[in-house]
$ cat entry_21.txt   # compact mmCIF, C-alpha atoms and all ligand atoms
# COMPACT_ATOMS: atom_id res chain seq x y z
CA MET A 1 0.00 0.00 0.00
CA LYS A 2 3.01 2.25 0.55
CA GLY A 3 3.19 5.08 -1.92
CA SER A 4 -0.30 4.49 -3.30
CA HIS A 5 -3.26 6.83 -2.85
CA MET A 6 -5.18 4.31 -0.74
CA ALA A 7 -6.12 5.94 2.57
CA LEU A 8 -4.68 4.09 5.54
CA VAL A 9 -7.44 5.41 7.79
CA LEU A 10 -11.02 5.68 6.52
CA LEU A 11 -13.49 8.19 7.94
CA GLU A 12 -17.23 7.42 8.02
CA ARG A 13 -20.20 9.19 9.60
CA PRO A 14 -22.40 6.29 10.71
CA ALA A 15 -24.79 8.29 12.95
CA PRO A 16 -25.54 11.94 13.70
CA HIS A 17 -22.52 13.60 15.36
CA VAL A 18 -20.57 10.31 15.35
CA ALA A 19 -17.33 9.76 13.42
CA LEU A 20 -15.99 6.28 12.70
CA LEU A 21 -12.30 5.79 11.91
CA ARG A 22 -11.34 2.47 10.32
CA LEU A 23 -7.71 1.41 10.15
CA ASN A 24 -7.18 0.20 6.61
CA ARG A 25 -4.02 -1.91 6.37
CA THR A 26 -5.75 -5.27 6.30
CA GLU A 27 -2.81 -7.02 4.67
CA ALA A 28 -0.54 -6.09 7.59
CA ARG A 29 -3.01 -6.72 10.42
CA ASN A 30 -3.34 -2.93 10.66
CA ALA A 31 0.26 -2.52 11.77
CA LEU A 32 0.73 1.15 12.66
CA SER A 33 3.19 2.29 10.01
CA PRO A 34 4.61 5.82 10.29
CA GLU A 35 2.33 6.90 7.41
CA LEU A 36 -0.77 5.45 9.09
CA ARG A 37 0.06 7.18 12.36
CA VAL A 38 0.30 10.54 10.61
CA GLU A 39 -3.11 9.99 8.96
CA LEU A 40 -4.54 9.00 12.31
CA ARG A 41 -3.09 12.13 13.93
CA ASP A 42 -4.61 14.35 11.25
CA HIS A 43 -8.05 12.78 11.70
CA PHE A 44 -7.94 13.26 15.47
CA LEU A 45 -6.79 16.88 15.17
CA THR A 46 -9.64 17.62 12.76
CA LEU A 47 -12.31 15.74 14.69
CA SER A 48 -11.28 17.28 18.01
CA ASP A 49 -12.14 20.71 16.56
CA ASP A 50 -15.13 19.61 14.47
CA ARG A 51 -18.24 20.98 16.19
CA ASP A 52 -20.41 18.48 14.34
CA CYS A 53 -18.48 15.54 15.83
CA ARG A 54 -19.41 14.64 19.39
CA ALA A 55 -17.99 11.11 19.71
CA ILE A 56 -15.45 9.03 17.81
CA VAL A 57 -15.31 5.27 17.25
CA ILE A 58 -12.05 3.73 16.10
CA THR A 59 -11.88 0.22 14.75
CA GLY A 60 -9.84 -2.18 12.64
CA ASN A 61 -11.24 -5.25 10.95
CA GLU A 62 -12.32 -8.73 12.01
CA LYS A 63 -8.75 -10.08 12.18
CA ALA A 64 -7.04 -7.19 13.91
CA PHE A 65 -7.73 -3.92 15.62
CA ALA A 66 -3.99 -3.23 15.18
CA ALA A 67 -1.02 -5.60 15.54
CA GLY A 68 1.29 -2.89 16.83
CA ALA A 69 3.97 -0.72 15.35
CA ASP A 70 5.17 -1.87 11.93
CA ILE A 71 7.99 -4.32 12.64
CA LYS A 72 9.20 -4.22 9.04
CA ALA A 73 9.58 -0.43 9.27
CA MET A 74 11.44 -0.77 12.59
CA ALA A 75 13.80 -3.67 11.91
CA ASP A 76 16.78 -1.53 10.89
CA ILE A 77 15.90 1.76 12.50
CA SER A 78 18.20 3.75 14.83
CA PRO A 79 17.13 5.65 17.96
CA ALA A 80 17.87 8.93 16.12
CA GLU A 81 15.56 7.92 13.26
CA ILE A 82 12.79 7.01 15.70
CA MET A 83 13.23 10.37 17.43
CA ALA A 84 13.08 12.15 14.08
CA GLN A 85 9.71 10.52 13.35
CA ASP A 86 8.36 12.40 16.39
CA ASP A 87 5.70 9.82 17.08
CA GLU A 88 4.87 11.57 20.34
CA THR A 89 3.12 14.31 18.37
CA ASN A 90 0.90 11.64 16.77
CA TRP A 91 -0.03 10.12 20.13
CA ALA A 92 -0.54 13.53 21.71
CA ALA A 93 -3.22 14.31 19.10
CA ILE A 94 -5.17 11.28 20.32
CA ARG A 95 -4.52 11.86 24.03
CA HIS A 96 -5.61 15.48 23.79
CA CYS A 97 -8.68 14.88 21.63
CA ARG A 98 -11.59 16.60 23.37
CA LYS A 99 -14.22 14.17 22.06
CA PRO A 100 -14.85 10.80 23.72
CA ILE A 101 -13.19 7.96 21.82
CA ILE A 102 -14.47 4.39 21.76
CA ALA A 103 -12.24 1.56 20.57
CA ALA A 104 -14.17 -1.23 18.83
CA VAL A 105 -11.79 -4.19 18.99
CA GLN A 106 -11.94 -7.47 17.10
CA GLY A 107 -8.92 -9.73 16.83
CA TYR A 108 -5.45 -8.57 17.79
CA ALA A 109 -4.75 -5.40 19.76
CA LEU A 110 -1.03 -5.85 20.34
CA GLY A 111 1.85 -3.55 21.20
CA GLY A 112 1.06 -0.11 19.81
CA GLY A 113 -2.41 -1.48 18.96
CA CYS A 114 -3.09 -2.24 22.62
CA GLU A 115 -1.66 1.17 23.51
CA LEU A 116 -4.01 2.75 20.98
CA ALA A 117 -7.01 0.97 22.51
CA MET A 118 -5.90 2.04 26.00
CA CYS A 119 -5.68 5.66 24.81
CA CYS A 120 -9.41 5.50 24.09
CA ASP A 121 -12.04 6.32 26.70
CA LEU A 122 -14.08 3.14 26.31
CA ILE A 123 -13.19 -0.23 24.79
CA VAL A 124 -15.85 -2.49 23.30
CA ALA A 125 -14.38 -5.87 22.42
CA GLY A 126 -15.58 -8.87 20.46
CA GLU A 127 -15.08 -12.42 21.64
CA SER A 128 -12.11 -12.75 19.26
CA ALA A 129 -10.24 -9.81 20.82
CA ARG A 130 -6.71 -10.46 22.09
CA PHE A 131 -4.79 -7.84 24.05
CA GLY A 132 -1.08 -7.87 24.71
CA GLN A 133 2.22 -6.03 24.83
CA PRO A 134 4.55 -8.45 23.01
CA GLU A 135 7.39 -5.92 22.59
CA VAL A 136 9.61 -7.90 24.97
CA LYS A 137 9.71 -10.73 22.42
CA LEU A 138 11.23 -8.27 19.93
CA GLY A 139 13.89 -7.13 22.38
CA ILE A 140 12.19 -3.78 22.92
CA MET A 141 9.46 -2.51 25.25
CA PRO A 142 6.26 -0.50 24.96
CA GLY A 143 7.03 3.08 24.03
CA ALA A 144 3.64 4.74 23.84
CA GLY A 145 2.25 4.35 27.33
CA GLY A 146 1.92 0.57 27.48
CA THR A 147 3.78 0.01 30.74
CA GLN A 148 1.94 2.87 32.45
CA ARG A 149 -1.60 2.51 31.16
CA LEU A 150 -1.70 -1.25 31.56
CA VAL A 151 -0.58 -1.12 35.19
CA ARG A 152 -3.13 1.58 35.95
CA ALA A 153 -5.90 -0.39 34.22
CA ILE A 154 -5.30 -3.91 35.53
CA GLY A 155 -2.82 -3.58 38.40
CA LYS A 156 0.86 -4.37 38.69
CA HIS A 157 0.75 -8.12 39.06
CA ARG A 158 -1.40 -8.86 36.04
CA ALA A 159 0.32 -6.18 33.94
CA MET A 160 3.77 -7.59 34.70
CA ARG A 161 2.81 -11.00 33.34
CA LEU A 162 1.72 -9.52 30.01
CA LEU A 163 4.67 -7.11 29.81
CA LEU A 164 7.39 -9.56 30.82
CA THR A 165 6.19 -12.61 28.86
CA GLY A 166 4.38 -11.02 25.92
CA ALA A 167 1.35 -13.23 26.73
CA MET A 168 -2.04 -12.17 25.39
CA MET A 169 -5.31 -11.75 27.29
CA ASP A 170 -8.56 -12.83 25.71
CA ALA A 171 -11.70 -10.69 25.83
CA ASP A 172 -13.20 -12.30 28.95
CA GLU A 173 -9.93 -12.03 30.85
CA ALA A 174 -9.54 -8.41 29.73
CA PHE A 175 -13.07 -7.68 30.93
CA SER A 176 -12.63 -9.27 34.33
CA ALA A 177 -9.27 -7.54 34.74
CA GLY A 178 -10.95 -4.16 34.12
CA LEU A 179 -9.15 -3.35 30.88
CA ILE A 180 -12.26 -3.06 28.74
CA THR A 181 -15.82 -1.76 28.97
CA LYS A 182 -17.72 -4.77 27.64
CA VAL A 183 -17.55 -7.93 25.54
CA VAL A 184 -20.08 -8.55 22.76
CA PRO A 185 -20.33 -11.05 19.87
CA ASP A 186 -17.81 -10.12 17.16
CA GLU A 187 -20.39 -9.11 14.58
CA GLN A 188 -21.88 -6.59 17.04
CA VAL A 189 -18.64 -4.84 18.04
CA VAL A 190 -18.80 -1.91 15.65
CA SER A 191 -22.57 -1.41 15.85
CA ASP A 192 -22.46 -1.55 19.65
CA ALA A 193 -19.64 0.98 19.79
CA ILE A 194 -21.54 3.24 17.38
CA SER A 195 -24.67 3.03 19.50
CA ILE A 196 -22.75 4.00 22.65
CA ALA A 197 -21.17 6.86 20.68
CA ALA A 198 -24.62 7.94 19.51
CA GLU A 199 -25.88 7.91 23.10
CA ILE A 200 -22.94 10.10 24.16
CA ALA A 201 -23.58 12.36 21.15
CA GLU A 202 -27.08 13.06 22.47
CA MET A 203 -25.69 14.42 25.73
CA PRO A 204 -24.83 18.10 26.20
CA PRO A 205 -21.37 18.39 24.57
CA LEU A 206 -19.82 20.76 27.12
CA ALA A 207 -20.75 18.46 30.00
CA VAL A 208 -19.33 15.47 28.09
CA SER A 209 -16.13 17.35 27.37
CA GLU A 210 -15.64 18.50 30.98
CA ILE A 211 -16.31 15.00 32.33
CA LYS A 212 -13.76 13.48 29.98
CA GLN A 213 -11.14 16.09 30.82
CA VAL A 214 -11.65 15.88 34.58
CA VAL A 215 -11.49 12.07 34.61
CA LEU A 216 -8.27 12.06 32.60
CA ALA A 217 -6.56 14.97 34.35
CA GLY A 218 -7.74 13.96 37.81
CA VAL A 219 -6.75 10.32 37.75
CA ASP A 220 -3.05 11.08 38.06
CA ALA A 221 -3.37 14.12 40.35
CA PRO A 222 -3.49 14.04 44.17
CA LEU A 223 -7.08 13.35 45.25
CA ASP A 224 -7.64 16.77 46.87
CA THR A 225 -6.44 18.51 43.70
CA ALA A 226 -8.54 16.26 41.52
CA ILE A 227 -11.64 16.89 43.59
CA MET A 228 -11.05 20.63 43.41
CA LEU A 229 -10.70 20.32 39.64
CA GLU A 230 -13.95 18.38 39.55
CA ARG A 231 -15.81 20.90 41.72
CA ARG A 232 -14.70 23.86 39.60
CA ALA A 233 -15.67 22.16 36.34
CA ALA A 234 -19.00 21.13 37.88
CA TYR A 235 -19.77 24.70 39.01
CA MET A 236 -18.73 26.08 35.63
CA LEU A 237 -21.27 23.89 33.82
CA PHE A 238 -24.02 25.75 35.72
CA GLY A 239 -23.26 28.65 33.39
CA THR A 240 -24.09 26.80 30.18
CA GLU A 241 -27.23 27.18 28.06
CA ASP A 242 -27.48 23.38 27.87
CA LYS A 243 -27.71 23.08 31.68
CA LYS A 244 -30.65 25.52 31.67
CA GLU A 245 -32.28 23.67 28.77
CA ALA A 246 -31.77 20.23 30.39
CA MET A 247 -33.23 21.22 33.76
CA THR A 248 -36.09 23.21 32.22
CA ALA A 249 -36.95 20.28 29.94
CA PHE A 250 -36.95 17.94 32.93
CA ILE A 251 -39.35 20.19 34.83
CA GLU A 252 -41.56 20.69 31.74
CA LYS A 253 -41.50 16.94 31.02
CA ARG A 254 -40.17 17.34 27.47
CA THR A 255 -37.10 16.25 25.50
CA PRO A 256 -34.23 18.73 25.77
CA ASN A 257 -32.71 20.28 22.69
CA PHE A 258 -29.00 20.93 23.22
CA SER A 259 -27.06 23.66 21.43
CA GLY A 260 -23.58 22.80 22.70
CA ARG A 261 -23.34 26.19 24.42
N1 LIG B 301 4.30 -5.17 11.73
C1 LIG B 301 4.45 -5.44 10.42
N2 LIG B 301 3.78 -6.43 9.79
C2 LIG B 301 2.93 -7.15 10.53
C3 LIG B 301 2.73 -6.92 11.89
C4 LIG B 301 3.46 -5.86 12.51
N3 LIG B 301 3.33 -5.53 13.79
N4 LIG B 301 1.82 -7.80 12.35
C5 LIG B 301 1.47 -8.56 11.30
N5 LIG B 301 2.13 -8.17 10.20
C6 LIG B 301 2.05 -8.73 8.85
C7 LIG B 301 2.80 -10.05 8.75
O1 LIG B 301 4.16 -9.82 8.57
C8 LIG B 301 2.11 -10.68 7.58
O2 LIG B 301 2.64 -10.09 6.42
P1 LIG B 301 3.00 -11.02 5.12
O3 LIG B 301 1.64 -11.50 4.65
O4 LIG B 301 3.64 -10.06 4.20
O5 LIG B 301 3.85 -12.13 5.62
C9 LIG B 301 0.67 -10.22 7.72
O6 LIG B 301 0.72 -9.07 8.56
C10 LIG B 301 -0.22 -11.24 8.38
O7 LIG B 301 0.40 -11.62 9.60
P2 LIG B 301 0.51 -13.15 10.11
O8 LIG B 301 0.66 -14.05 8.93
O9 LIG B 301 1.55 -13.19 11.17
O10 LIG B 301 -0.96 -13.31 10.70
P3 LIG B 301 -1.45 -14.27 11.90
O11 LIG B 301 -2.92 -14.11 11.92
O12 LIG B 301 -0.85 -15.61 11.79
O13 LIG B 301 -0.82 -13.60 13.23
C11 LIG B 301 -0.32 -11.79 14.72
C12 LIG B 301 -1.24 -12.33 13.63
C13 LIG B 301 -0.42 -12.64 16.01
C14 LIG B 301 -0.80 -10.37 15.02
C15 LIG B 301 1.14 -11.79 14.24
O14 LIG B 301 1.19 -11.19 12.96
C16 LIG B 301 2.09 -11.05 15.13
O15 LIG B 301 2.55 -11.59 16.12
N6 LIG B 301 2.40 -9.77 14.79
C17 LIG B 301 3.34 -8.98 15.53
C18 LIG B 301 2.74 -8.47 16.82
C19 LIG B 301 3.75 -7.63 17.57
O16 LIG B 301 4.82 -8.09 17.95
N7 LIG B 301 3.39 -6.37 17.82
C20 LIG B 301 4.24 -5.44 18.58
C21 LIG B 301 4.97 -4.58 17.62
S1 LIG B 301 6.13 -3.57 18.45
C22 LIG B 301 5.31 -2.22 18.97
O17 LIG B 301 4.11 -2.08 18.85
C23 LIG B 301 6.23 -1.16 19.55
C24 LIG B 301 5.67 -0.02 20.30
O18 LIG B 301 4.61 0.00 20.91
C25 LIG B 301 6.47 1.18 20.38

$ encode --input "entry_21.txt" --output "C-alpha cells" --more "lines below"
Ligand code: CAA
Amino acid sequence: MKGSHMALVLLERPAPHVALLRLNRTEARNALSPELRVELRDHFLTLSDDRDCRAIVITGNEKAFAAGADIKAMADISPAEIMAQDDETNWAAIRHCRKPIIAAVQGYALGGGCELAMCCDLIVAGESARFGQPEVKLGIMPGAGGTQRLVRAIGKHRAMRLLLTGAMMDADEAFSAGLITKVVPDEQVVSDAISIAAEIAEMPPLAVSEIKQVVLAGVDAPLDTAIMLERRAAYMLFGTEDKKEAMTAFIEKRTPNFSGR
C-alpha cells in the first residue's frame, strides 16, 4: 500500500454527530506504520475541533484492531531515526482529543495497537479480541504508554505477566481484569460501539467534554487537587445554556434540545 493513494485510515459518519475511523491496512493486520500514524493524527486533530463531531469510534477489521507498530519499518531503525519521526506528536493528538473515543476491537490489539485501545475512553471488544504487549519478544518494550496505562488499568501483578512474557489476554480475561468496557459477539462490536457513541452524542457536549477532561486529568493528580478540579468544572457547567435547557426540559417533562453552548 506504501506510496499508493489508498487511505490508511477511513473516515465514516455512521450516525448523527458520530465519526468512525477504520484502520485500513488489512494485509498487515493494521500494523501502525509511520504513514498510518500521521493519517490518524490528522483525523484526530480535525475531529477534536469539528463541532459536528461529538464522539469518535475507532476500529480495525475482524482479524485485527492493530497488531502494533510496523515491525518491518522498525527492523533496521536507529534511535535517532525514531526520534526524528516524532511519534509523540501523533499520540498527543489522540490523548488530547476533546471528544470521547471508543475503541471497537476485534482480533489482535497488540503492542502499539493495545496502547491505541488504551488511549481511548471506552473499549468495546468482540469475543475474538486479544490484548497484549509483546514488545519484549522483539527485544524492545512498549514506548507509547503501554507500561503505564496497563498497570493503571489492571494492576501491577497482572500487567507484569503480560509485559514480561508477551502473553495475550482474551476478551473475557480483559473484561474481568478491568481493561475493557464490555464484551459482545464479534459481529456486534462496531454497531455496539456506534450506539454508545450515539448515546454520548445526544448528551450536552460541554458536560461530556468536561467530564472526559476531569477524569483524565484527575486520575493522576493528588485526590484533593482532583476533587477541586472536579468541583470547579461542575460549578462552571451551571453557566451553560445546555444546563438551563436540560433542567427546564426535565421540569416541563419534554425532550431537551442541546445547542452545545
Ligand atoms: N508489523 C508489520 N507487519 C505485521 C505486523 C506488525 N506488527 N503484524 C502482522 N504483520 C504482517 C505479517 O508480517 C504478515 O505479512 P505477510 O503476509 O507479508 O507475511 C501479515 O501481517 C499477516 O500476519 P501473520 O501471517 O503473522 O498473521 P497471523 O494471523 O498468523 O498472526 C499476529 C497475527 C499474532 C498479530 C502476528 O502477525 C504477530 O505476532 N504480529 C506482531 C505483533 C507484535 O509483535 N506487535 C508489537 C509490535 S512492536 C510495537 O508495537 C512497539 C511499540 O509499541 C512502540

$ residues_near_ligand --input "entry_21.txt" --ligand "ligand LIG 301 (chain B)" --cutoff "7 Å" --atoms "all atoms listed in the file" --output "PDB file with C-alpha atoms, in the frame of the given file"
ATOM      1  CA  GLU A  27      -2.810  -7.020   4.670  1.00  0.00           C
ATOM      2  CA  ALA A  28      -0.540  -6.090   7.590  1.00  0.00           C
ATOM      3  CA  ARG A  29      -3.010  -6.720  10.420  1.00  0.00           C
ATOM      4  CA  ALA A  31       0.260  -2.520  11.770  1.00  0.00           C
ATOM      5  CA  ALA A  67      -1.020  -5.600  15.540  1.00  0.00           C
ATOM      6  CA  GLY A  68       1.290  -2.890  16.830  1.00  0.00           C
ATOM      7  CA  ALA A  69       3.970  -0.720  15.350  1.00  0.00           C
ATOM      8  CA  ASP A  70       5.170  -1.870  11.930  1.00  0.00           C
ATOM      9  CA  ILE A  71       7.990  -4.320  12.640  1.00  0.00           C
ATOM     10  CA  LYS A  72       9.200  -4.220   9.040  1.00  0.00           C
ATOM     11  CA  TYR A 108      -5.450  -8.570  17.790  1.00  0.00           C
ATOM     12  CA  LEU A 110      -1.030  -5.850  20.340  1.00  0.00           C
ATOM     13  CA  GLY A 111       1.850  -3.550  21.200  1.00  0.00           C
ATOM     14  CA  GLY A 112       1.060  -0.110  19.810  1.00  0.00           C
ATOM     15  CA  GLY A 113      -2.410  -1.480  18.960  1.00  0.00           C
ATOM     16  CA  GLU A 115      -1.660   1.170  23.510  1.00  0.00           C
ATOM     17  CA  GLN A 133       2.220  -6.030  24.830  1.00  0.00           C
ATOM     18  CA  PRO A 134       4.550  -8.450  23.010  1.00  0.00           C
ATOM     19  CA  GLU A 135       7.390  -5.920  22.590  1.00  0.00           C
ATOM     20  CA  LEU A 138      11.230  -8.270  19.930  1.00  0.00           C
ATOM     21  CA  MET A 141       9.460  -2.510  25.250  1.00  0.00           C
ATOM     22  CA  PRO A 142       6.260  -0.500  24.960  1.00  0.00           C
ATOM     23  CA  GLY A 143       7.030   3.080  24.030  1.00  0.00           C
ATOM     24  CA  ALA A 144       3.640   4.740  23.840  1.00  0.00           C
TER      25      ALA A 144
END

$ closest_residue --input "entry_21.txt" --among "A:Ile196, A:Ala75, A:Ile140, A:Ile154" --to "A:Ser176" --atoms "all atoms listed in the file"
A:Ile154

$ closest_residue --input "entry_21.txt" --among "A:Ala125, A:Met118, A:Met168, A:Val214" --to "A:Met228" --atoms "all atoms listed in the file"
A:Val214

$ closest_atom_pairs --input "entry_21.txt" --of "stretch 125-243 of chain A" --to "stretch 53-62 of chain A" --cutoff "7 Å" --atoms "all atoms listed in the file" --output "tab-separated table"
residue	atom	partner	partner_atom	distance
A:Ala193	CA	A:Val57	CA	6.6
A:Ile194	CA	A:Val57	CA	6.6
A:Ala197	CA	A:Ala55	CA	5.4
A:Ile200	CA	A:Ala55	CA	6.7
A:Ala201	CA	A:Arg54	CA	5.1
A:Pro205	CA	A:Arg54	CA	6.7

$ atom_distance --input "entry_21.txt" --atom1 "atom CA of A:Glu127" --atom2 "atom CA of A:Gly178"
15.5 Å

$ build_atoms --input "entry_21.txt" --residues "stretch 183-194 of chain A" --atoms "all heavy atoms" --output "mmCIF file, in the frame of the given file"
data_model
loop_
_atom_site.group_PDB
_atom_site.id
_atom_site.type_symbol
_atom_site.label_atom_id
_atom_site.label_comp_id
_atom_site.auth_asym_id
_atom_site.auth_seq_id
_atom_site.Cartn_x
_atom_site.Cartn_y
_atom_site.Cartn_z
ATOM 1 N N VAL A 183 -17.817 -6.935 26.586
ATOM 2 C CA VAL A 183 -17.550 -7.930 25.540
ATOM 3 C C VAL A 183 -18.878 -8.236 24.850
ATOM 4 O O VAL A 183 -19.888 -8.442 25.521
ATOM 5 C CB VAL A 183 -17.010 -9.257 26.137
ATOM 6 C CG1 VAL A 183 -16.651 -10.234 25.019
ATOM 7 C CG2 VAL A 183 -15.810 -9.005 27.031
ATOM 8 N N VAL A 184 -18.866 -8.241 23.529
ATOM 9 C CA VAL A 184 -20.080 -8.550 22.760
ATOM 10 C C VAL A 184 -19.690 -9.541 21.652
ATOM 11 O O VAL A 184 -18.500 -9.711 21.373
ATOM 12 C CB VAL A 184 -20.711 -7.274 22.144
ATOM 13 C CG1 VAL A 184 -21.135 -6.287 23.224
ATOM 14 C CG2 VAL A 184 -19.770 -6.592 21.166
ATOM 15 N N PRO A 185 -20.673 -10.202 21.015
ATOM 16 C CA PRO A 185 -20.330 -11.050 19.870
ATOM 17 C C PRO A 185 -19.600 -10.221 18.804
ATOM 18 O O PRO A 185 -19.909 -9.035 18.627
ATOM 19 C CB PRO A 185 -21.684 -11.544 19.363
ATOM 20 C CG PRO A 185 -22.595 -11.447 20.543
ATOM 21 C CD PRO A 185 -22.112 -10.253 21.329
ATOM 22 N N ASP A 186 -18.651 -10.857 18.105
ATOM 23 C CA ASP A 186 -17.810 -10.120 17.160
ATOM 24 C C ASP A 186 -18.595 -9.266 16.172
ATOM 25 O O ASP A 186 -18.227 -8.121 15.908
ATOM 26 C CB ASP A 186 -16.924 -11.093 16.378
ATOM 27 C CG ASP A 186 -15.688 -11.448 17.180
ATOM 28 O OD1 ASP A 186 -15.014 -10.522 17.645
ATOM 29 O OD2 ASP A 186 -15.421 -12.647 17.355
ATOM 30 N N GLU A 187 -19.678 -9.840 15.638
ATOM 31 C CA GLU A 187 -20.390 -9.110 14.580
ATOM 32 C C GLU A 187 -21.118 -7.880 15.130
ATOM 33 O O GLU A 187 -21.593 -7.048 14.356
ATOM 34 C CB GLU A 187 -21.335 -10.052 13.816
ATOM 35 C CG GLU A 187 -22.418 -10.728 14.614
ATOM 36 C CD GLU A 187 -21.938 -11.956 15.420
ATOM 37 O OE1 GLU A 187 -20.718 -12.227 15.461
ATOM 38 O OE2 GLU A 187 -22.802 -12.614 16.012
ATOM 39 N N GLN A 188 -21.192 -7.761 16.461
ATOM 40 C CA GLN A 188 -21.880 -6.590 17.040
ATOM 41 C C GLN A 188 -20.917 -5.508 17.540
ATOM 42 O O GLN A 188 -21.366 -4.475 18.049
ATOM 43 C CB GLN A 188 -22.765 -7.035 18.205
ATOM 44 C CG GLN A 188 -23.974 -7.844 17.756
ATOM 45 C CD GLN A 188 -24.689 -8.489 18.929
ATOM 46 O OE1 GLN A 188 -24.598 -8.024 20.056
ATOM 47 N NE2 GLN A 188 -25.382 -9.576 18.659
ATOM 48 N N VAL A 189 -19.611 -5.753 17.416
ATOM 49 C CA VAL A 189 -18.640 -4.840 18.040
ATOM 50 C C VAL A 189 -18.790 -3.408 17.514
ATOM 51 O O VAL A 189 -18.930 -2.453 18.292
ATOM 52 C CB VAL A 189 -17.192 -5.332 17.807
ATOM 53 C CG1 VAL A 189 -16.187 -4.268 18.223
ATOM 54 C CG2 VAL A 189 -16.944 -6.598 18.589
ATOM 55 N N VAL A 190 -18.782 -3.258 16.213
ATOM 56 C CA VAL A 190 -18.800 -1.910 15.650
ATOM 57 C C VAL A 190 -20.161 -1.254 15.877
ATOM 58 O O VAL A 190 -20.244 -0.098 16.309
ATOM 59 C CB VAL A 190 -18.408 -1.923 14.152
ATOM 60 C CG1 VAL A 190 -18.519 -0.531 13.548
ATOM 61 C CG2 VAL A 190 -16.976 -2.450 13.994
ATOM 62 N N SER A 191 -21.244 -2.015 15.670
ATOM 63 C CA SER A 191 -22.570 -1.410 15.850
ATOM 64 C C SER A 191 -22.801 -1.046 17.312
ATOM 65 O O SER A 191 -23.400 -0.016 17.623
ATOM 66 C CB SER A 191 -23.675 -2.320 15.320
ATOM 67 O OG SER A 191 -23.634 -3.561 15.975
ATOM 68 N N ASP A 192 -22.308 -1.865 18.226
ATOM 69 C CA ASP A 192 -22.460 -1.550 19.650
ATOM 70 C C ASP A 192 -21.677 -0.289 20.010
ATOM 71 O O ASP A 192 -22.188 0.584 20.724
ATOM 72 C CB ASP A 192 -21.992 -2.749 20.483
ATOM 73 C CG ASP A 192 -22.460 -2.641 21.914
ATOM 74 O OD1 ASP A 192 -21.767 -2.004 22.721
ATOM 75 O OD2 ASP A 192 -23.550 -3.175 22.216
ATOM 76 N N ALA A 193 -20.453 -0.209 19.500
ATOM 77 C CA ALA A 193 -19.640 0.980 19.790
ATOM 78 C C ALA A 193 -20.301 2.230 19.202
ATOM 79 O O ALA A 193 -20.329 3.284 19.841
ATOM 80 C CB ALA A 193 -18.227 0.814 19.234
ATOM 81 N N ILE A 194 -20.858 2.094 17.996
ATOM 82 C CA ILE A 194 -21.540 3.240 17.380
ATOM 83 C C ILE A 194 -22.752 3.636 18.211
ATOM 84 O O ILE A 194 -23.030 4.819 18.403
ATOM 85 C CB ILE A 194 -21.944 2.929 15.915
ATOM 86 C CG1 ILE A 194 -20.689 2.822 15.047
ATOM 87 C CG2 ILE A 194 -22.897 3.997 15.364
ATOM 88 C CD1 ILE A 194 -20.942 2.263 13.654
#
